[in-house]
>>> print(open('coords.txt').read())   # compact mmCIF, C-alpha atoms
# COMPACT_ATOMS: atom_id res chain seq x y z
CA MET A 23 2.69 -21.15 -9.21
CA THR A 24 -0.54 -21.00 -11.12
CA ASP A 25 -2.73 -20.55 -8.03
CA SER A 26 -6.19 -20.89 -9.56
CA GLN A 27 -5.53 -18.47 -12.38
CA SER A 28 -8.97 -18.95 -13.89
CA ASP A 29 -10.96 -18.62 -10.64
CA TYR A 30 -11.05 -14.83 -10.66
CA VAL A 31 -14.52 -13.25 -10.57
CA CYS A 32 -14.75 -9.47 -10.65
CA THR A 33 -16.45 -8.11 -7.52
CA LEU A 34 -16.59 -4.49 -8.65
CA SER A 35 -19.93 -2.73 -8.97
CA PRO A 36 -20.93 -1.36 -12.39
CA GLU A 37 -19.98 2.11 -11.12
CA LEU A 38 -16.51 0.96 -10.09
CA ILE A 39 -16.02 -0.92 -13.35
CA ALA A 40 -16.70 2.35 -15.15
CA LYS A 41 -14.34 4.21 -12.80
CA ALA A 42 -11.59 1.63 -13.35
CA GLU A 43 -11.95 2.05 -17.10
CA LYS A 44 -11.81 5.83 -16.92
CA GLU A 45 -9.02 6.21 -14.36
CA LEU A 46 -7.02 2.99 -14.69
CA ASN A 47 -7.41 2.05 -18.37
CA GLU A 48 -9.02 -1.22 -17.31
CA LYS A 49 -11.36 -2.66 -19.90
CA ALA A 50 -13.36 -5.69 -18.78
CA GLN A 51 -13.20 -7.29 -22.23
CA TRP A 52 -9.39 -7.08 -22.23
CA ARG A 53 -8.75 -7.88 -18.57
CA SER A 54 -7.84 -11.54 -19.06
CA ARG A 55 -5.49 -10.71 -21.91
CA ASP A 56 -3.80 -8.00 -19.83
CA ILE A 57 -3.34 -10.32 -16.86
CA GLN A 58 -1.90 -13.02 -19.10
CA ALA A 59 0.59 -10.58 -20.61
CA LEU A 60 1.88 -9.68 -17.15
CA ARG A 61 1.88 -13.33 -16.10
CA GLU A 62 4.11 -14.24 -19.04
CA MET A 63 6.54 -11.50 -18.08
CA VAL A 64 6.69 -12.85 -14.53
CA LEU A 65 7.16 -16.45 -15.62
CA LYS A 66 10.09 -15.51 -17.85
CA GLN A 67 11.88 -13.96 -14.86
CA ARG A 68 13.63 -17.05 -13.51
CA ASP A 69 14.66 -15.48 -10.19
CA LEU A 70 11.09 -14.42 -9.44
CA LYS A 71 8.91 -16.98 -7.66
CA ILE A 72 5.57 -15.38 -6.82
CA ARG A 73 1.84 -15.91 -7.10
CA THR A 74 0.60 -15.62 -10.65
CA ASP A 75 -3.14 -15.92 -10.10
CA ASP A 76 -5.38 -13.29 -11.68
CA ALA A 77 -6.38 -11.57 -8.46
CA PHE A 78 -2.78 -11.07 -7.33
CA LEU A 79 -1.47 -9.72 -10.63
CA LEU A 80 -4.47 -7.41 -11.01
CA ARG A 81 -3.46 -5.31 -8.00
CA PHE A 82 -0.17 -4.45 -9.74
CA LEU A 83 -1.85 -3.71 -13.07
CA ARG A 84 -4.35 -1.40 -11.40
CA ALA A 85 -1.64 0.38 -9.44
CA LYS A 86 0.10 1.23 -12.72
CA LYS A 87 -2.97 1.89 -14.84
CA PHE A 88 -2.59 -1.32 -16.86
CA ASP A 89 0.83 -0.42 -18.17
CA TYR A 90 2.42 -3.89 -18.35
CA GLU A 91 6.02 -2.74 -18.15
CA ARG A 92 5.42 -0.43 -15.18
CA ALA A 93 3.38 -3.11 -13.42
CA PHE A 94 6.18 -5.62 -13.90
CA GLN A 95 8.77 -3.15 -12.62
CA LEU A 96 6.57 -2.54 -9.57
CA ILE A 97 6.54 -6.27 -8.89
CA MET A 98 10.33 -6.40 -9.16
CA THR A 99 10.77 -3.37 -6.89
CA HIS A 100 8.31 -4.77 -4.37
CA TYR A 101 10.21 -8.03 -4.01
CA LYS A 102 13.64 -6.40 -4.17
CA MET A 103 12.62 -4.30 -1.18
CA LYS A 104 11.80 -7.48 0.70
CA ILE A 105 15.07 -9.22 -0.05
CA GLU A 106 17.12 -6.09 0.66
CA ASN A 107 15.44 -5.66 4.07
CA LYS A 108 15.43 -9.23 5.32
CA GLU A 109 15.53 -8.17 8.96
CA ILE A 110 12.10 -6.59 8.51
CA PHE A 111 10.45 -9.19 6.32
CA THR A 112 11.61 -12.27 8.22
CA ASN A 113 8.80 -13.70 10.35
CA LEU A 114 6.45 -11.06 8.94
CA ARG A 115 3.18 -12.13 10.51
CA PRO A 116 0.60 -10.18 12.54
CA SER A 117 1.23 -12.05 15.80
CA ALA A 118 4.86 -10.86 15.66
CA VAL A 119 3.67 -7.25 15.96
CA LYS A 120 0.76 -7.83 18.33
CA HIS A 121 2.36 -5.46 20.83
CA VAL A 122 2.16 -2.62 18.27
CA LEU A 123 -1.48 -3.36 17.55
CA ASP A 124 -2.24 -3.61 21.28
CA ASP A 125 -0.81 -0.13 21.75
CA GLY A 126 -3.20 1.22 19.12
CA VAL A 127 -0.50 2.60 16.85
CA THR A 128 -2.12 1.52 13.56
CA GLY A 129 -5.75 0.88 12.67
CA VAL A 130 -8.35 1.33 9.96
CA LEU A 131 -11.69 3.14 10.12
CA ALA A 132 -14.64 0.75 9.96
CA SER A 133 -16.23 2.48 6.96
CA ARG A 134 -14.90 3.81 3.68
CA ASP A 135 -14.80 7.54 3.08
CA LYS A 136 -17.10 9.47 0.77
CA GLU A 137 -14.93 8.50 -2.22
CA GLY A 138 -14.96 4.81 -1.34
CA ARG A 139 -11.38 4.87 -0.05
CA ARG A 140 -10.01 3.02 2.96
CA VAL A 141 -8.77 5.28 5.76
CA VAL A 142 -5.76 4.18 7.79
CA ILE A 143 -5.20 5.80 11.18
CA PHE A 144 -1.54 5.93 12.20
CA ARG A 145 -0.78 7.23 15.72
CA PRO A 146 3.00 7.09 16.32
CA GLY A 147 2.59 8.94 19.62
CA LYS A 148 1.29 5.66 21.06
CA TRP A 149 4.55 3.88 20.23
CA ASP A 150 6.40 2.68 23.34
CA VAL A 151 10.00 3.31 22.34
CA ALA A 152 11.28 1.52 25.44
CA ARG A 153 9.69 -1.78 24.36
CA TYR A 154 10.17 -2.03 20.60
CA GLY A 155 11.82 -0.34 17.67
CA LEU A 156 10.81 1.47 14.54
CA ASP A 157 11.07 -1.67 12.43
CA ASP A 158 8.04 -3.11 14.24
CA ILE A 159 6.08 0.02 13.33
CA PHE A 160 7.06 -0.43 9.68
CA ARG A 161 6.11 -4.11 9.77
CA THR A 162 2.70 -3.34 11.26
CA ASN A 163 1.94 -0.73 8.63
CA PHE A 164 3.12 -3.01 5.83
CA LEU A 165 0.88 -5.84 7.05
CA THR A 166 -2.06 -3.46 7.30
CA LEU A 167 -1.59 -2.12 3.79
CA SER A 168 -1.07 -5.64 2.43
CA LYS A 169 -4.37 -6.77 3.86
CA LEU A 170 -6.26 -3.74 2.60
CA ILE A 171 -4.98 -4.02 -0.95
CA GLU A 172 -6.60 -7.45 -1.32
CA GLU A 173 -9.90 -5.61 -1.67
CA GLU A 174 -10.76 -4.81 -5.29
CA GLU A 175 -12.68 -1.72 -4.25
CA THR A 176 -9.55 -0.44 -2.51
CA GLN A 177 -7.40 -1.18 -5.55
CA VAL A 178 -9.65 1.12 -7.59
CA ASN A 179 -10.54 3.82 -5.06
CA GLY A 180 -7.29 3.96 -3.12
CA ILE A 181 -6.14 4.59 0.44
CA VAL A 182 -6.04 7.70 2.61
CA MET A 183 -3.66 7.86 5.54
CA VAL A 184 -4.28 9.97 8.64
CA ILE A 185 -1.08 10.53 10.62
CA ASP A 186 -2.16 11.70 14.07
CA LEU A 187 0.93 13.09 15.83
CA LYS A 188 -0.74 13.71 19.17
CA ASP A 189 1.60 12.80 22.06
CA LEU A 190 4.54 12.46 19.70
CA SER A 191 7.68 13.38 21.64
CA TRP A 192 11.31 13.92 20.80
CA SER A 193 12.03 10.37 22.04
CA HIS A 194 9.90 9.17 19.13
CA ALA A 195 11.07 11.65 16.52
CA LYS A 196 14.81 11.13 17.02
CA ASN A 197 14.40 7.60 15.69
CA VAL A 198 13.39 8.86 12.25
CA SER A 199 16.74 8.76 10.46
CA PRO A 200 17.24 9.60 6.79
CA PHE A 201 17.61 5.84 6.20
CA TYR A 202 14.20 5.09 7.68
CA ALA A 203 12.61 8.07 5.93
CA LYS A 204 13.90 6.79 2.60
CA ARG A 205 12.60 3.29 3.37
CA ILE A 206 9.05 4.37 4.19
CA SER A 207 9.00 6.81 1.26
CA SER A 208 10.12 4.06 -1.10
CA LEU A 209 7.38 1.76 0.18
CA LEU A 210 4.63 4.30 -0.38
CA GLN A 211 5.86 5.67 -3.70
CA ASP A 212 7.72 2.92 -5.51
CA ALA A 213 7.23 -0.53 -4.01
CA PHE A 214 3.61 -1.06 -3.06
CA PRO A 215 0.64 -1.75 -5.38
CA ALA A 216 -1.74 0.84 -4.01
CA ARG A 217 -3.14 4.23 -4.92
CA PHE A 218 -2.32 6.56 -2.03
CA LYS A 219 -4.80 9.39 -2.46
CA GLY A 220 -3.93 11.56 0.53
CA LEU A 221 -1.76 11.84 3.64
CA HIS A 222 -3.24 14.00 6.37
CA TYR A 223 -1.14 15.17 9.31
CA LEU A 224 -2.79 16.16 12.59
CA HIS A 225 -1.42 17.72 15.79
CA GLU A 226 2.04 18.40 14.43
CA PRO A 227 4.45 19.10 17.33
CA VAL A 228 6.81 22.07 17.46
CA PHE A 229 9.73 19.97 16.21
CA PHE A 230 7.73 18.59 13.27
CA ASP A 231 9.55 20.77 10.75
CA TYR A 232 12.80 19.02 11.65
CA VAL A 233 11.33 15.56 11.09
CA PHE A 234 9.48 16.56 7.93
CA ALA A 235 12.65 18.07 6.46
CA ILE A 236 14.23 14.60 6.65
CA VAL A 237 11.24 12.93 5.02
CA LYS A 238 10.47 15.53 2.35
CA GLN A 239 13.78 15.10 0.53
CA PHE A 240 12.64 11.60 -0.49
CA LEU A 241 9.12 12.56 -1.60
CA LYS A 242 8.10 12.95 -5.21
CA GLU A 243 6.20 16.02 -6.37
CA LYS A 244 3.03 13.96 -6.81
CA THR A 245 3.24 12.76 -3.21
CA VAL A 246 3.91 16.25 -1.87
CA SER A 247 0.80 17.49 -3.68
CA ARG A 248 -1.28 15.01 -1.66
CA LEU A 249 0.01 16.08 1.75
CA HIS A 250 -2.32 18.04 4.03
CA PHE A 251 -1.45 19.62 7.38
CA HIS A 252 -4.34 20.24 9.75
CA GLY A 253 -2.53 21.23 12.97
CA ASP A 254 -4.90 21.18 15.94
CA LYS A 255 -7.98 21.40 13.72
CA PRO A 256 -8.74 17.76 12.89
CA GLU A 257 -12.23 18.74 11.79
CA GLY A 258 -10.52 19.77 8.55
CA LEU A 259 -10.55 16.09 7.65
CA LYS A 260 -14.30 16.31 6.99
CA GLU A 261 -13.71 18.19 3.76
CA PHE A 262 -11.65 15.33 2.36
CA VAL A 263 -13.20 12.12 3.68
CA GLY A 264 -16.67 13.16 4.84
CA GLU A 265 -17.98 13.58 8.37
CA ALA A 266 -20.09 10.45 8.81
CA ILE A 267 -17.21 7.98 9.11
CA LEU A 268 -15.09 9.98 11.56
CA PRO A 269 -14.77 9.44 15.32
CA LYS A 270 -15.46 12.46 17.46
CA GLU A 271 -11.81 13.33 18.08
CA TYR A 272 -11.51 13.94 14.34
CA GLY A 273 -14.65 16.03 14.04
CA GLY A 274 -17.15 13.25 13.35
CA PRO A 275 -20.19 11.80 15.15
CA LEU A 276 -18.75 8.35 15.97
CA PRO A 277 -17.30 7.11 19.29
CA PRO A 278 -13.56 7.57 19.93
CA PHE A 279 -11.41 5.57 17.56
CA SER A 280 -10.23 2.11 18.57
CA ASN A 281 -8.15 -0.21 16.43
CA LYS A 282 -9.44 -3.29 18.27
CA ASP A 283 -11.61 -4.62 15.42
CA TRP A 284 -8.86 -4.12 12.88
CA ALA A 285 -6.27 -5.76 15.17
CA GLU A 286 -8.49 -8.82 15.60
CA LYS A 287 -8.99 -9.12 11.84
CA LEU A 288 -5.28 -8.81 11.11
CA LEU A 289 -4.21 -11.17 13.90
CA ALA A 290 -6.35 -13.89 12.34
CA CYS A 291 -4.16 -13.83 9.22
CA ASP A 292 -0.90 -15.39 10.39
CA GLU A 293 -1.26 -18.42 8.13
CA GLN A 294 -1.95 -16.24 5.10
CA PHE A 295 1.22 -14.20 5.63
CA ASP A 296 3.24 -17.34 6.31
CA GLN A 297 2.18 -18.56 2.85
CA GLU A 298 3.12 -15.22 1.30
CA ALA A 299 6.61 -15.50 2.83
CA LYS A 300 7.27 -18.56 0.67
CA TYR A 301 7.33 -16.37 -2.44
CA GLY A 302 9.91 -13.83 -3.48
CA LEU A 303 12.87 -12.77 -5.55
CA MET A 304 15.78 -15.17 -5.24
CA ASP A 305 18.45 -12.60 -6.12
CA ALA A 306 18.31 -8.93 -5.13
CA THR A 307 20.61 -8.03 -8.06
CA ALA A 308 18.31 -9.64 -10.60
CA LYS A 309 17.23 -7.44 -13.47
CA ALA A 310 14.13 -7.71 -15.61
CA SER A 311 14.53 -10.08 -18.52
CA LYS A 312 15.40 -8.20 -21.68
CA SER A 313 12.55 -9.90 -23.48
CA SER A 314 9.87 -8.77 -21.03
CA LYS A 315 9.01 -5.55 -22.82
CA ALA A 316 8.89 -7.28 -26.18
CA ASP A 317 6.63 -9.95 -24.70
CA ALA A 318 4.23 -7.30 -23.52
CA MET A 319 4.22 -5.67 -26.92
CA GLU A 320 3.45 -8.97 -28.59
CA CYS A 321 0.24 -9.18 -26.57
CA LEU A 322 -0.80 -5.81 -27.95
CA VAL A 323 -0.45 -6.67 -31.60
CA GLY A 324 -3.83 -6.30 -33.25
CA SER A 325 -5.42 -4.66 -30.20
CA TYR A 326 -3.68 -1.37 -29.62
CA ARG A 327 -4.84 -0.01 -26.25
CA LYS A 328 -5.82 3.46 -27.34
CA LEU A 329 -8.21 2.16 -29.97
CA ASP A 330 -11.68 1.41 -28.64
CA VAL A 331 -12.35 -1.75 -30.64
>>> encode(input="coords.txt", output="structure tokens")
Amino acid sequence: MTDSQSDYVCTLSPELIAKAEKELNEKAQWRSRDIQALREMVLKQRDLKIRTDDAFLLRFLRAKKFDYERAFQLIMTHYKMKIENKEIFTNLRPSAVKHVLDDGVTGVLASRDKEGRRVVIFRPGKWDVARYGLDDIFRTNFLTLSKLIEEEETQVNGIVMVIDLKDLSWSHAKNVSPFYAKRISSLLQDAFPARFKGLHYLHEPVFFDYVFAIVKQFLKEKTVSRLHFHGDKPEGLKEFVGEAILPKEYGGPLPPFSNKDWAEKLLACDEQFDQEAKYGLMDATAKASKSSKADAMECLVGSYRKLDV
């Protein structure tokens, strides 16, 4: 469970190192100590069997601005979600959702936006409801986000999601139950180690208010503040992500969007996700060890975070 703990080499540029320090409380000279503090918390949790290498733990620390306790709780929530939704996370590998990728439902723009963020394109109107269910959509999006968050630059800069509702019909929308809305909201807000910097809706249909009313009840104020509704004016995206990276249907100069390149990249990762499936929380009712917070505090003795020493 050590997984090459000492092999980590920071790939961030000097600019991103400075950004990580300013926005995420990440100090290069303390990074190893911070990772070790979180690792010790994980190792004391007997029901938790996960990777403990530096690179893996870092994504959780960055997601919670190097607050050990919050990072540890995020890890616990992440793996509780998996064990509580076994029907979704069993056989979670890209080839199992190839049909979703082939339909072009989920993809990623080739280039980062003007803020260095990854841009996910989600087009639920391309979902063939007669062939597969909503769980396969969730699985595809989870796999996509999991692959993206491996990138250190993405851990620091974050992710933007574009939800293009073109061709979304009532046959699609009626599948969005409060249960599913709560599940996807929990993933984005509470159970995934990523910085979601914006969710942009395009081509909202006339019944969108009904669907959004179901979803909104599970959204936190911070998430709601990052929602943007563009209607039939997708060129509004340019203000947020820049024009140069956008395909022409979204107001940019590039050819129409295709998820083919992203699908090929993801489909090559079956073995990686099979390995990930070996890890997890053994008991969904497990609670964080009482000593975890004290352990984290011990690591801070003599080097209080707010002091620049």
>>> atom_distance(input="coords.txt", atom1="CA of Val119 (chain A)", atom2="CA of Ile159 (chain A)")
8.1 Å
>>> atom_distance(input="coords.txt", atom1="CA of Leu131 (chain A)", atom2="CA of Leu259 (chain A)")
13.2 Å
>>> axis_aligned_box(input="coords.txt", around="region 195-201 of chain A", padding_each_side="8 Å", output="JSON")
{"center_x": 14.3, "center_y": 8.7, "center_z": 11.6, "size_x": 22.5, "size_y": 21.8, "size_z": 26.8}
>>> residues_around(input="coords.txt", residues="region 30-37 of chain A", least_positions_apart="6", cutoff="12 Å", atoms="all atoms listed in the file", output="PyMOL selection string")
chain A and resi 43-44+48-51+53-54+57+74-80+138+172-179
>>> atom_distance(input="coords.txt", atom1="CA of Glu257 (chain A)", atom2="CA of Lys136 (chain A)")
15.2 Å
>>> residues_around(input="coords.txt", residues="region 205-211 of chain A", least_positions_apart="4", cutoff="10 Å", atoms="all atoms listed in the file", output="short mmCIF file (atom, residue, chain, number, x, y, z; two decimals) with C-alpha atoms, in the coordinates of the input")
data_model
loop_
_atom_site.label_atom_id
_atom_site.label_comp_id
_atom_site.auth_asym_id
_atom_site.auth_seq_id
_atom_site.Cartn_x
_atom_site.Cartn_y
_atom_site.Cartn_z
CA THR A 99 10.77 -3.37 -6.89
CA HIS A 100 8.31 -4.77 -4.37
CA MET A 103 12.62 -4.30 -1.18
CA ASN A 107 15.44 -5.66 4.07
CA PHE A 160 7.06 -0.43 9.68
CA ASN A 163 1.94 -0.73 8.63
CA PHE A 164 3.12 -3.01 5.83
CA LEU A 167 -1.59 -2.12 3.79
CA SER A 199 16.74 8.76 10.46
CA PRO A 200 17.24 9.60 6.79
CA PHE A 201 17.61 5.84 6.20
CA PRO A 215 0.64 -1.75 -5.38
CA ALA A 216 -1.74 0.84 -4.01
CA ARG A 217 -3.14 4.23 -4.92
CA PHE A 218 -2.32 6.56 -2.03
CA VAL A 237 11.24 12.93 5.02
CA LYS A 238 10.47 15.53 2.35
CA GLN A 239 13.78 15.10 0.53
CA PHE A 240 12.64 11.60 -0.49
CA LEU A 241 9.12 12.56 -1.60
CA LYS A 242 8.10 12.95 -5.21
CA LYS A 244 3.03 13.96 -6.81
CA THR A 245 3.24 12.76 -3.21
#
>>> closest_atom_pairs(input="coords.txt", of="region 113-145 of chain A", to="region 278-292 of chain A", cutoff="8 Å", atoms="all atoms listed in the file", output="Markdown table")
| residue | atom | partner | partner_atom | distance |
| --- | --- | --- | --- | --- |
| A:Arg115 | CA | A:Asp292 | CA | 5.2 |
| A:Pro116 | CA | A:Leu289 | CA | 5.1 |
| A:Ser117 | CA | A:Leu289 | CA | 5.8 |
| A:Lys120 | CA | A:Leu289 | CA | 7.4 |
| A:Leu123 | CA | A:Ala285 | CA | 5.9 |
| A:Asp124 | CA | A:Ala285 | CA | 7.6 |
| A:Gly126 | CA | A:Asn281 | CA | 5.8 |
| A:Thr128 | CA | A:Asn281 | CA | 6.9 |
| A:Gly129 | CA | A:Asn281 | CA | 4.6 |
| A:Val130 | CA | A:Trp284 | CA | 6.2 |
| A:Leu131 | CA | A:Phe279 | CA | 7.8 |
>>> write_last_selection(input="coords.txt", atoms="C-alpha atoms", output="compact mmCIF listing (two decimals), in the frame of the given file")
# COMPACT_ATOMS: atom_id res chain seq x y z
CA ARG A 115 3.18 -12.13 10.51
CA PRO A 116 0.60 -10.18 12.54
CA SER A 117 1.23 -12.05 15.80
CA LYS A 120 0.76 -7.83 18.33
CA LEU A 123 -1.48 -3.36 17.55
CA ASP A 124 -2.24 -3.61 21.28
CA GLY A 126 -3.20 1.22 19.12
CA THR A 128 -2.12 1.52 13.56
CA GLY A 129 -5.75 0.88 12.67
CA VAL A 130 -8.35 1.33 9.96
CA LEU A 131 -11.69 3.14 10.12
>>> decode(input="coords.txt", residues="region 156-257 of chain A", atoms="C-alpha atoms", output="PDB file, in the first residue's frame")
ATOM      1  CA  LEU A 156     -28.661   6.754 -16.562  1.00  0.00           C
ATOM      2  CA  ASP A 157     -26.168   4.784 -14.494  1.00  0.00           C
ATOM      3  CA  ASP A 158     -23.990   4.324 -17.588  1.00  0.00           C
ATOM      4  CA  ILE A 159     -23.986   8.098 -18.064  1.00  0.00           C
ATOM      5  CA  PHE A 160     -22.865   8.560 -14.460  1.00  0.00           C
ATOM      6  CA  ARG A 161     -20.152   5.922 -14.869  1.00  0.00           C
ATOM      7  CA  THR A 162     -18.819   7.572 -18.020  1.00  0.00           C
ATOM      8  CA  ASN A 163     -18.629  10.973 -16.374  1.00  0.00           C
ATOM      9  CA  PHE A 164     -16.983   9.530 -13.269  1.00  0.00           C
ATOM     10  CA  LEU A 165     -14.322   7.786 -15.363  1.00  0.00           C
ATOM     11  CA  THR A 166     -13.700  10.984 -17.315  1.00  0.00           C
ATOM     12  CA  LEU A 167     -13.286  13.091 -14.189  1.00  0.00           C
ATOM     13  CA  SER A 168     -11.088  10.431 -12.585  1.00  0.00           C
ATOM     14  CA  LYS A 169      -8.726  10.485 -15.538  1.00  0.00           C
ATOM     15  CA  LEU A 170      -8.567  14.267 -15.674  1.00  0.00           C
ATOM     16  CA  ILE A 171      -7.795  14.690 -11.996  1.00  0.00           C
ATOM     17  CA  GLU A 172      -4.564  12.725 -12.394  1.00  0.00           C
ATOM     18  CA  GLU A 173      -3.122  15.847 -14.003  1.00  0.00           C
ATOM     19  CA  GLU A 174      -1.417  18.141 -11.494  1.00  0.00           C
ATOM     20  CA  GLU A 175      -2.253  21.193 -13.575  1.00  0.00           C
ATOM     21  CA  THR A 176      -5.928  20.241 -13.384  1.00  0.00           C
ATOM     22  CA  GLN A 177      -5.726  19.712  -9.625  1.00  0.00           C
ATOM     23  CA  VAL A 178      -4.569  23.321  -9.277  1.00  0.00           C
ATOM     24  CA  ASN A 179      -6.550  25.074 -12.022  1.00  0.00           C
ATOM     25  CA  GLY A 180      -9.748  23.055 -11.861  1.00  0.00           C
ATOM     26  CA  ILE A 181     -12.432  21.821 -14.236  1.00  0.00           C
ATOM     27  CA  VAL A 182     -15.190  23.583 -16.159  1.00  0.00           C
ATOM     28  CA  MET A 183     -18.218  21.629 -17.311  1.00  0.00           C
ATOM     29  CA  VAL A 184     -20.295  22.577 -20.346  1.00  0.00           C
ATOM     30  CA  ILE A 185     -23.714  20.909 -20.281  1.00  0.00           C
ATOM     31  CA  ASP A 186     -25.093  21.168 -23.812  1.00  0.00           C
ATOM     32  CA  LEU A 187     -28.808  20.307 -23.656  1.00  0.00           C
ATOM     33  CA  LYS A 188     -29.411  20.416 -27.400  1.00  0.00           C
ATOM     34  CA  ASP A 189     -31.784  17.611 -28.481  1.00  0.00           C
ATOM     35  CA  LEU A 190     -32.656  16.827 -24.876  1.00  0.00           C
ATOM     36  CA  SER A 191     -36.216  15.502 -24.834  1.00  0.00           C
ATOM     37  CA  TRP A 192     -38.725  14.605 -22.171  1.00  0.00           C
ATOM     38  CA  SER A 193     -37.763  10.935 -22.618  1.00  0.00           C
ATOM     39  CA  HIS A 194     -34.333  11.910 -21.295  1.00  0.00           C
ATOM     40  CA  ALA A 195     -35.447  14.328 -18.608  1.00  0.00           C
ATOM     41  CA  LYS A 196     -38.008  12.047 -16.950  1.00  0.00           C
ATOM     42  CA  ASN A 197     -35.153   9.782 -15.879  1.00  0.00           C
ATOM     43  CA  VAL A 198     -33.677  12.473 -13.623  1.00  0.00           C
ATOM     44  CA  SER A 199     -35.220  11.496 -10.293  1.00  0.00           C
ATOM     45  CA  PRO A 200     -34.475  13.236  -6.995  1.00  0.00           C
ATOM     46  CA  PHE A 201     -32.362  10.181  -6.104  1.00  0.00           C
ATOM     47  CA  TYR A 202     -30.172  10.586  -9.167  1.00  0.00           C
ATOM     48  CA  ALA A 203     -29.983  14.357  -8.732  1.00  0.00           C
ATOM     49  CA  LYS A 204     -28.747  13.875  -5.178  1.00  0.00           C
ATOM     50  CA  ARG A 205     -26.177  11.314  -6.354  1.00  0.00           C
ATOM     51  CA  ILE A 206     -24.633  13.519  -9.036  1.00  0.00           C
ATOM     52  CA  SER A 207     -24.726  16.558  -6.746  1.00  0.00           C
ATOM     53  CA  SER A 208     -22.958  14.611  -4.022  1.00  0.00           C
ATOM     54  CA  LEU A 209     -20.271  13.507  -6.465  1.00  0.00           C
ATOM     55  CA  LEU A 210     -19.522  17.028  -7.634  1.00  0.00           C
ATOM     56  CA  GLN A 211     -19.740  18.750  -4.264  1.00  0.00           C
ATOM     57  CA  ASP A 212     -18.728  16.279  -1.589  1.00  0.00           C
ATOM     58  CA  ALA A 213     -17.070  13.137  -2.928  1.00  0.00           C
ATOM     59  CA  PHE A 214     -14.623  14.004  -5.680  1.00  0.00           C
ATOM     60  CA  PRO A 215     -11.154  15.573  -5.333  1.00  0.00           C
ATOM     61  CA  ALA A 216     -11.519  18.299  -7.923  1.00  0.00           C
ATOM     62  CA  ARG A 217     -12.058  22.040  -8.103  1.00  0.00           C
ATOM     63  CA  PHE A 218     -15.189  22.587 -10.189  1.00  0.00           C
ATOM     64  CA  LYS A 219     -14.858  26.181 -11.335  1.00  0.00           C
ATOM     65  CA  GLY A 220     -17.971  26.542 -13.466  1.00  0.00           C
ATOM     66  CA  LEU A 221     -20.992  24.715 -14.888  1.00  0.00           C
ATOM     67  CA  HIS A 222     -22.333  26.209 -18.094  1.00  0.00           C
ATOM     68  CA  TYR A 223     -25.737  25.215 -19.463  1.00  0.00           C
ATOM     69  CA  LEU A 224     -26.530  25.633 -23.157  1.00  0.00           C
ATOM     70  CA  HIS A 225     -29.751  25.197 -25.162  1.00  0.00           C
ATOM     71  CA  GLU A 226     -31.996  24.668 -22.158  1.00  0.00           C
ATOM     72  CA  PRO A 227     -35.331  23.163 -23.304  1.00  0.00           C
ATOM     73  CA  VAL A 228     -38.736  24.496 -22.272  1.00  0.00           C
ATOM     74  CA  PHE A 229     -39.068  21.886 -19.518  1.00  0.00           C
ATOM     75  CA  PHE A 230     -35.625  22.667 -18.085  1.00  0.00           C
ATOM     76  CA  ASP A 231     -37.063  24.522 -15.103  1.00  0.00           C
ATOM     77  CA  TYR A 232     -38.754  21.308 -13.976  1.00  0.00           C
ATOM     78  CA  VAL A 233     -35.519  19.313 -14.140  1.00  0.00           C
ATOM     79  CA  PHE A 234     -33.427  22.059 -12.558  1.00  0.00           C
ATOM     80  CA  ALA A 235     -35.886  22.389  -9.678  1.00  0.00           C
ATOM     81  CA  ILE A 236     -35.123  18.761  -8.789  1.00  0.00           C
ATOM     82  CA  VAL A 237     -31.370  19.296  -8.980  1.00  0.00           C
ATOM     83  CA  LYS A 238     -31.156  22.703  -7.311  1.00  0.00           C
ATOM     84  CA  GLN A 239     -32.470  21.490  -3.948  1.00  0.00           C
ATOM     85  CA  PHE A 240     -29.252  19.479  -3.540  1.00  0.00           C
ATOM     86  CA  LEU A 241     -26.839  22.235  -4.588  1.00  0.00           C
ATOM     87  CA  LYS A 242     -24.795  24.262  -2.155  1.00  0.00           C
ATOM     88  CA  GLU A 243     -24.695  28.039  -2.391  1.00  0.00           C
ATOM     89  CA  LYS A 244     -21.109  27.928  -3.649  1.00  0.00           C
ATOM     90  CA  THR A 245     -22.111  25.600  -6.478  1.00  0.00           C
ATOM     91  CA  VAL A 246     -25.128  27.706  -7.420  1.00  0.00           C
ATOM     92  CA  SER A 247     -22.861  30.751  -7.669  1.00  0.00           C
ATOM     93  CA  ARG A 248     -20.855  28.941 -10.363  1.00  0.00           C
ATOM     94  CA  LEU A 249     -23.834  28.065 -12.561  1.00  0.00           C
ATOM     95  CA  HIS A 250     -24.262  29.935 -15.848  1.00  0.00           C
ATOM     96  CA  PHE A 251     -27.209  29.689 -18.247  1.00  0.00           C
ATOM     97  CA  HIS A 252     -26.536  30.677 -21.842  1.00  0.00           C
ATOM     98  CA  GLY A 253     -29.741  29.560 -23.592  1.00  0.00           C
ATOM     99  CA  ASP A 254     -29.309  29.555 -27.369  1.00  0.00           C
ATOM    100  CA  LYS A 255     -26.319  31.890 -27.216  1.00  0.00           C
ATOM    101  CA  PRO A 256     -23.372  29.522 -26.747  1.00  0.00           C
ATOM    102  CA  GLU A 257     -20.991  32.280 -27.790  1.00  0.00           C
TER     103      GLU A 257
END
